[in-house]
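Engineer: File name data-v8.csv; file contents CSV, C-alpha atoms and all ligand atoms; full text below.
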chain,number,residue,atom,x,y,z
L,1,MET,CA,20.9,13.7,47.6
L,2,THR,CA,24.2,15.3,48.4
L,3,ALA,CA,25.5,18.6,47.0
L,4,PRO,CA,27.1,18.4,43.6
L,5,GLU,CA,30.8,18.1,43.8
L,6,GLN,CA,33.4,20.5,42.4
L,7,SER,CA,33.8,18.1,39.5
L,8,GLY,CA,30.5,19.2,38.1
L,9,ALA,CA,29.1,15.7,38.4
L,10,PRO,CA,25.5,15.1,39.3
L,11,PRO,CA,24.8,14.4,43.0
L,12,VAL,CA,24.9,10.8,44.1
L,13,PRO,CA,22.1,9.6,46.4
L,14,ARG,CA,22.8,9.3,50.1
L,15,VAL,CA,22.4,5.6,50.9
L,16,THR,CA,20.3,4.5,53.9
L,17,PRO,CA,19.9,1.0,55.4
L,18,LEU,CA,16.5,0.8,53.8
L,19,ASP,CA,17.7,1.4,50.2
L,20,GLU,CA,21.3,0.3,50.1
L,21,HIS,CA,20.3,-2.8,48.2
L,22,PHE,CA,18.9,-0.6,45.4
L,23,TRP,CA,22.0,1.6,45.1
L,24,ARG,CA,24.6,-1.0,45.7
L,25,GLY,CA,23.2,-4.1,43.9
L,26,GLY,CA,24.7,-2.9,40.7
L,27,ALA,CA,28.1,-3.7,42.0
L,28,THR,CA,27.2,-7.3,41.3
L,29,GLY,CA,25.2,-6.5,38.1
L,30,ARG,CA,21.9,-6.9,39.8
L,31,LEU,CA,19.0,-4.5,40.2
L,32,LEU,CA,17.6,-5.4,43.6
L,33,ILE,CA,14.1,-4.5,44.7
L,34,LEU,CA,12.4,-5.3,47.9
L,35,ARG,CA,10.0,-8.2,47.5
L,36,CYS,CA,7.4,-9.4,50.1
L,37,ASP,CA,8.2,-12.8,51.4
L,38,ARG,CA,4.5,-13.5,52.0
L,39,CYS,CA,2.7,-12.3,48.9
L,40,GLY,CA,5.4,-11.6,46.4
L,41,PHE,CA,4.6,-7.9,46.0
L,42,TRP,CA,7.5,-5.8,44.7
L,43,LEU,CA,7.9,-2.7,46.8
L,44,HIS,CA,9.6,0.5,45.5
L,45,PRO,CA,10.4,3.0,46.8
L,46,PRO,CA,11.5,0.8,49.6
L,47,GLY,CA,9.7,0.7,52.9
L,48,PRO,CA,9.5,-1.4,56.0
L,49,VAL,CA,6.0,-2.8,55.3
L,50,CYS,CA,4.4,-4.5,52.3
L,51,ARG,CA,1.9,-2.1,50.9
L,52,ARG,CA,-0.3,-5.0,49.8
L,53,CYS,CA,-0.5,-7.4,52.7
L,54,LEU,CA,1.3,-5.4,55.5
L,55,ALA,CA,3.9,-8.1,56.1
L,56,LEU,CA,7.1,-7.0,57.7
L,57,THR,CA,9.3,-9.5,55.9
L,58,LEU,CA,10.7,-8.0,52.7
L,59,THR,CA,13.8,-9.3,51.0
L,60,PRO,CA,16.0,-7.5,48.4
L,61,THR,CA,15.5,-9.6,45.3
L,62,ALA,CA,16.9,-9.3,41.8
L,63,VAL,CA,14.6,-8.3,39.0
L,64,SER,CA,15.2,-9.0,35.3
L,65,GLY,CA,16.3,-5.4,34.6
L,66,ARG,CA,13.9,-5.2,31.7
L,67,GLY,CA,11.2,-2.6,31.5
L,68,ARG,CA,9.4,-0.1,29.4
L,69,VAL,CA,9.5,3.7,29.2
L,70,ARG,CA,6.3,5.1,30.6
L,71,THR,CA,7.0,8.8,30.1
L,72,VAL,CA,10.1,10.6,28.9
L,73,THR,CA,11.4,14.2,28.8
L,74,VAL,CA,14.6,15.5,27.3
L,75,ASN,CA,16.8,17.8,29.4
L,76,HIS,CA,18.7,20.5,27.5
L,77,GLN,CA,19.8,22.5,30.5
L,78,PRO,CA,23.5,21.8,31.4
L,79,TRP,CA,22.9,21.5,35.2
L,80,PHE,CA,26.1,19.5,35.7
L,81,PRO,CA,29.1,20.2,33.5
L,82,ALA,CA,30.2,16.6,33.7
L,83,LEU,CA,26.8,15.4,32.3
L,84,PRO,CA,26.6,16.4,28.6
L,85,VAL,CA,23.2,17.5,27.3
L,86,PRO,CA,20.8,16.6,25.9
L,87,TYR,CA,19.8,13.6,27.8
L,88,ALA,CA,16.6,11.8,28.4
L,89,LEU,CA,14.9,11.4,31.8
L,90,ALA,CA,12.3,8.7,31.9
L,91,ILE,CA,9.9,6.9,34.2
L,92,VAL,CA,10.7,3.2,33.6
L,93,GLU,CA,8.2,0.6,34.6
L,94,LEU,CA,9.8,-2.8,35.3
L,95,GLU,CA,8.3,-5.9,33.7
L,96,GLU,CA,7.8,-7.7,37.0
L,97,GLN,CA,4.8,-5.7,38.2
L,98,GLU,CA,2.5,-3.0,37.0
L,99,GLY,CA,3.3,0.3,38.7
L,100,LEU,CA,6.8,-0.8,39.7
L,101,GLN,CA,8.6,2.2,38.4
L,102,PHE,CA,11.1,4.9,39.0
L,103,LEU,CA,12.7,8.0,37.5
L,104,THR,CA,16.0,7.3,35.7
L,105,ARG,CA,18.2,8.6,33.0
L,106,LEU,CA,18.4,6.8,29.6
L,107,VAL,CA,21.8,6.1,28.0
L,108,ASP,CA,23.1,4.8,24.7
L,109,CYS,CA,20.2,6.4,22.8
L,110,ARG,CA,19.4,9.5,20.9
L,111,PRO,CA,17.2,11.3,23.5
L,112,GLU,CA,14.9,12.9,20.9
L,113,THR,CA,13.9,9.6,19.5
L,114,VAL,CA,12.8,8.0,22.7
L,115,ARG,CA,9.0,7.4,23.0
L,116,ALA,CA,6.8,5.9,25.7
L,117,GLY,CA,6.7,2.1,25.3
L,118,LEU,CA,10.3,1.7,24.3
L,119,ALA,CA,11.7,-1.5,25.7
L,120,VAL,CA,14.8,-0.9,27.9
L,121,THR,CA,17.3,-2.8,30.0
L,122,VAL,CA,19.2,-1.7,33.0
L,123,ARG,CA,22.8,-0.5,33.0
L,124,PHE,CA,24.8,0.6,36.1
L,125,GLU,CA,26.9,3.7,36.3
L,126,PRO,CA,29.3,3.4,39.3
L,127,HIS,CA,30.0,6.4,41.5
L,128,GLY,CA,32.1,5.0,44.4
L,129,ASP,CA,30.0,2.4,46.1
L,130,VAL,CA,26.8,3.7,44.5
L,131,HIS,CA,25.8,2.2,41.2
L,132,LEU,CA,23.1,4.3,39.6
L,133,PRO,CA,20.5,2.1,37.7
L,134,LEU,CA,20.2,3.7,34.3
L,135,PHE,CA,18.5,2.3,31.2
L,136,ALA,CA,19.3,1.8,27.6
L,137,PRO,CA,17.1,0.6,24.7
L,138,ALA,CA,16.8,-3.2,24.7
L,139,SER,CA,18.6,-5.0,22.0
L,140,THR,CA,15.6,-5.3,19.8
L,141,ASP,CA,15.1,-1.6,19.9
L,142,ALA,CA,18.8,-0.7,20.1
L,143,ALA,CA,19.1,1.0,16.7
L,144,PRO,CA,16.7,3.8,16.6
L,145,THR,CA,16.6,5.4,13.2
L,146,ASP,CA,15.0,8.5,11.7
L,147,ALA,CA,13.6,6.5,9.0
L,148,ALA,CA,9.8,6.5,9.2
L,149,PRO,CA,7.9,3.6,7.7
L,150,THR,CA,7.5,4.3,4.0
L,151,ASP,CA,6.2,2.6,1.0
L,152,ALA,CA,9.6,3.0,-0.7
L,153,GLY,CA,10.3,0.0,-2.8
L,154,VAL,CA,6.7,-1.1,-2.8
L,155,GLN,CA,5.3,-0.9,-6.3
L,156,ARG,CA,1.6,-1.2,-6.7
X,1,ZN,ZN,3.0,-8.7,50.9
Show the structure stored in the file as structure tokens.
Ligand SMILES: [Zn+2]
Structural biologist:
Amino acid sequence: MTAPEQSGAPPVPRVTPLDEHFWRGGATGRLLILRCDRCGFWLHPPGPVCRRCLALTLTPTAVSGRGRVRTVTVNHQPWFPALPVPYALAIVELEEQEGLQFLTRLVDCRPETVRAGLAVTVRFEPHGDVHLPLFAPASTDAAPTDAAPTDAGVQR
């Protein structure tokens, strides 16, 4: 990570040859994850060797961009003036593989309403040539409400 800029924006990851597919794939609307050519295992964080079969042939491959919130926390501390609080930070597990997950920020949602299990889809936030993969509630879950299930209207 680089130091925050004077703008007060959050730092943008420093891209390396090993992870540039991940940070730059969003330029074409794709979330790219390394996949093993031999056994199909998805590898993230990226590395030079498949953790399942030890093959050295891994190819950046587009995933669906769909996943589920595993855990979530809400940040109220204004660490970066350009990033309004509160916002939700979550570990999102991609649907392609159990354990294929990373820490991200959730957008287009009310942070306090997010719960583990929420279906989410990727969005990209461009910062120069880096496109941060963020997530928003999937369309079926897109309209969180405060209305708890009730028996209103049900007459017995
Ligand atoms: Zn493999």
Engineer: If the limit is 10 Å from any atom of ligand ZN 1 (chain X), counting only C-alpha atoms and all ligand atoms, which residues qualify? Return them as a ChimeraX atom specification.
Structural biologist: /L:35-43,49-58
Engineer: Of the candidates L:Arg123, L:Arg68, L:Arg115, L:His131, which one gets nearest to L:Glu93 if we count only C-alpha atoms?
Structural biologist: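 Of all the options, L:Arg68 lies closest to L:Glu93.
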Engineer: Could you check the closest approach to L:Pro11 for each of L:Trp23, L:Phe124, L:Phe80, L:Phe102 and tell me which residue wins, using only C-alpha atoms?
Structural biologist: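 Of L:Trp23, L:Phe124, L:Phe80, L:Phe102, the one nearest L:Pro11 is L:Phe80, counting only C-alpha atoms.
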Engineer: Which is closer to L:Leu106 than all the others in L:Gln77, L:Pro137, L:Val85, L:Phe22, using only C-alpha atoms?
Structural biologist: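 Checking each candidate against L:Leu106, we get L:Pro137 as the closest.
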Engineer: So, with only C-alpha atoms as the atoms that count, which of L:Ser139, L:Thr113, L:Gln97, L:Thr16 lies closest to L:Val63?
Structural biologist: L:Gln97
Engineer: Considering only C-alpha atoms, can you say which of L:Leu83, L:Ala116, L:Leu31, L:Cys109 comes closest to L:Thr71?
Structural biologist: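 Using only C-alpha atoms, the shortest distance to L:Thr71 belongs to L:Ala116.
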Engineer: Which residue, L:Leu134, L:Ala27, L:Val72, L:Val92, has the smallest gap to L:Pro111 when you use all atoms listed in the file?
Structural biologist: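 Answer, going by the shortest atom-to-atom distance: L:Val72.
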Engineer: Would you kindly return, as a list in words, each protein, DNA or RNA residue with an atom no farther than 9 Å from any atom of L:Asp19, considering all atoms listed in the file and excluding same-chain residues fewer than 4 positions away?
Structural biologist: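 The residues that qualify are Val15, Trp23, Arg24, Ile33, Leu34, Pro45, Pro46 and Gly47 of chain L.
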Engineer: Please report the interatomic distance between atom CA of L:Arg110 and atom CA of L:Val130 in Å with one decimal.
Structural biologist: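 Atom CA of L:Val130 lies at a distance of 25.4 Å from atom CA of L:Arg110.
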Engineer: What is the distance, in Å and to one decimal place, between atom CA of L:Val114 and atom CA of L:Ala90?
Structural biologist: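 These two atoms are separated by 9.2 Å.
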Engineer: If I take atom CA of L:Ile91 and atom CA of L:Arg70, how far is one from the other in Å, to one decimal?
Structural biologist: 5.4 Å
Engineer: Would you mind putting back N, CA and C atoms on stretch 105-133 of chain L, then writing it out as a compact mmCIF listing (two decimals), keeping the file's coordinate frame?
Structural biologist:
# COMPACT_ATOMS: atom_id res chain seq x y z
N ARG L 105 17.69 7.91 34.19
CA ARG L 105 18.20 8.60 33.00
C ARG L 105 18.48 7.47 31.95
N LEU L 106 18.22 7.81 30.68
CA LEU L 106 18.40 6.80 29.60
C LEU L 106 19.81 7.11 28.99
N VAL L 107 20.48 6.05 28.62
CA VAL L 107 21.80 6.10 28.00
C VAL L 107 21.83 5.33 26.72
N ASP L 108 22.89 5.54 25.94
CA ASP L 108 23.10 4.80 24.70
C ASP L 108 21.86 4.92 23.77
N CYS L 109 21.33 6.12 23.67
CA CYS L 109 20.20 6.40 22.80
C CYS L 109 20.24 7.82 22.35
N ARG L 110 19.52 8.11 21.29
CA ARG L 110 19.40 9.50 20.90
C ARG L 110 18.12 10.01 21.64
N PRO L 111 18.31 10.92 22.60
CA PRO L 111 17.20 11.30 23.50
C PRO L 111 15.93 11.70 22.74
N GLU L 112 16.10 12.43 21.63
CA GLU L 112 14.90 12.90 20.90
C GLU L 112 14.07 11.83 20.31
N THR L 113 14.64 10.65 20.15
CA THR L 113 13.90 9.60 19.50
C THR L 113 13.16 8.67 20.46
N VAL L 114 13.39 8.85 21.75
CA VAL L 114 12.80 8.00 22.70
C VAL L 114 11.28 8.27 22.87
N ARG L 115 10.47 7.22 22.87
CA ARG L 115 9.00 7.40 23.00
C ARG L 115 8.54 6.43 24.11
N ALA L 116 7.40 6.77 24.68
CA ALA L 116 6.80 5.90 25.70
C ALA L 116 6.58 4.51 25.00
N GLY L 117 6.81 3.47 25.77
CA GLY L 117 6.70 2.10 25.30
C GLY L 117 7.95 1.46 24.86
N LEU L 118 9.02 2.26 24.72
CA LEU L 118 10.30 1.70 24.30
C LEU L 118 10.78 0.66 25.35
N ALA L 119 11.19 -0.50 24.86
CA ALA L 119 11.70 -1.50 25.70
C ALA L 119 13.16 -1.17 26.12
N VAL L 120 13.46 -1.25 27.40
CA VAL L 120 14.80 -0.90 27.90
C VAL L 120 15.31 -1.92 28.87
N THR L 121 16.63 -1.89 29.04
CA THR L 121 17.30 -2.80 30.00
C THR L 121 18.23 -1.95 30.87
N VAL L 122 18.43 -2.42 32.08
CA VAL L 122 19.20 -1.70 33.00
C VAL L 122 20.70 -1.70 32.72
N ARG L 123 21.36 -0.59 33.04
CA ARG L 123 22.80 -0.50 33.00
C ARG L 123 23.18 0.19 34.34
N PHE L 124 24.38 -0.06 34.79
CA PHE L 124 24.80 0.60 36.10
C PHE L 124 25.94 1.51 35.83
N GLU L 125 25.82 2.70 36.42
CA GLU L 125 26.90 3.70 36.30
C GLU L 125 27.48 3.85 37.73
N PRO L 126 28.72 3.37 37.91
CA PRO L 126 29.30 3.40 39.30
C PRO L 126 29.78 4.81 39.65
N HIS L 127 29.47 5.15 40.89
CA HIS L 127 30.00 6.40 41.50
C HIS L 127 30.42 5.95 42.92
N GLY L 128 31.67 5.58 43.08
CA GLY L 128 32.10 5.00 44.40
C GLY L 128 31.35 3.72 44.60
N ASP L 129 30.72 3.61 45.78
CA ASP L 129 30.00 2.40 46.10
C ASP L 129 28.52 2.46 45.68
N VAL L 130 28.14 3.56 45.05
CA VAL L 130 26.80 3.70 44.50
C VAL L 130 26.80 3.35 43.04
N HIS L 131 25.88 2.52 42.61
CA HIS L 131 25.80 2.20 41.20
C HIS L 131 24.39 2.61 40.72
N LEU L 132 24.36 3.73 40.00
CA LEU L 132 23.10 4.30 39.60
C LEU L 132 22.47 3.35 38.52
N PRO L 133 21.22 2.93 38.73
CA PRO L 133 20.50 2.10 37.70
C PRO L 133 20.00 3.03 36.60
